[in-house]
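Novice: To start, I am sharing the structure in question, which I have written as structure tokens.
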Amino acid sequence: MTVQSLVFRFFKRFPVIVVKKLPQEERQSFTLMHELGHLLLHQKSRIDEEDDFYANTGNEYQANQFSGRVLVPDNFLETIDLSAMPEHATGYADWLQNHKKAWGVSIEVILRRLLEAGKVSEKSYQAYRNWLDHQQPKEDSRGSRKYRYREPVHILGQRFVRTVLDASQAQVLTLTKASDYLDNLKIKDVHQLARYVTGY
């Protein structure tokens, strides 16, 4: 099976959605609904890039709207106390924290829905995005990552991993793109994974 047939072929009868592991479960939920939106609305397969989730036009925007409306329907928005909205974006997370937990979505998805419904301004939404972009990621305290290079096999399956590695070896994919597809492994871990999978 080639990378093109694995990645781009659309199976109408039994479509498959693959979502790479993300640090926050709520981001995975949004991505899953976004891809479901593509299947239902556009009936074609594709691999989305990070920027696609911020698109303002076209199929990506439609998939984003679908995802947002499934995860945060209009009646959910009515429960948000807009009079308690903080003046600065730094307070948005605290303001929307209970809704985030109850609905299993990110603060950003809630703000996007509020923006779409005309309840917050584009300026407020962008202020939150700017603030979020400058936050330091939390340190991962889960212990040793000695066998991190093996995780893609357990998460994505042997067949997918071999296909990506074969495509990289055949120079159909760059090593950087292969790293993205393999759960954002570091390049040195991609090499280790290749040795682990092939036995060399």
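Naming scheme: A, B, ... for chains in displayed order of the structure tokens; residues 1 onward per chain; ligands 1 onward as shown.
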Give me every alpha helix (DSSP H) residue in segment 74-127 of chain A, going by DSSP on the backbone, as an MDAnalysis selection string.
Specialist: chainID A and resid 74:77 92:103 107:116 122:127
Novice: Choose the residue, out of A:Val70, A:Leu32, A:Leu115, A:Val197, that has the smallest atom-to-atom separation from Val153 of chain A; count only C-alpha atoms.
Specialist: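 Answer, going by the shortest atom-to-atom distance: A:Val197.
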Novice: Pick from A:Arg159, A:Arg145, A:Arg69, A:Lys188: nearest to Arg113 of chain A, with only C-alpha atoms counted?
Specialist: A:Arg69
Novice: Would you mind reading off the distance between atom CA of Ala63 of chain A and atom CA of Leu36 of chain A, one decimal, in Å?
Specialist: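 Computed distance, atom CA of Ala63 of chain A to atom CA of Leu36 of chain A, equals 7.9 Å.
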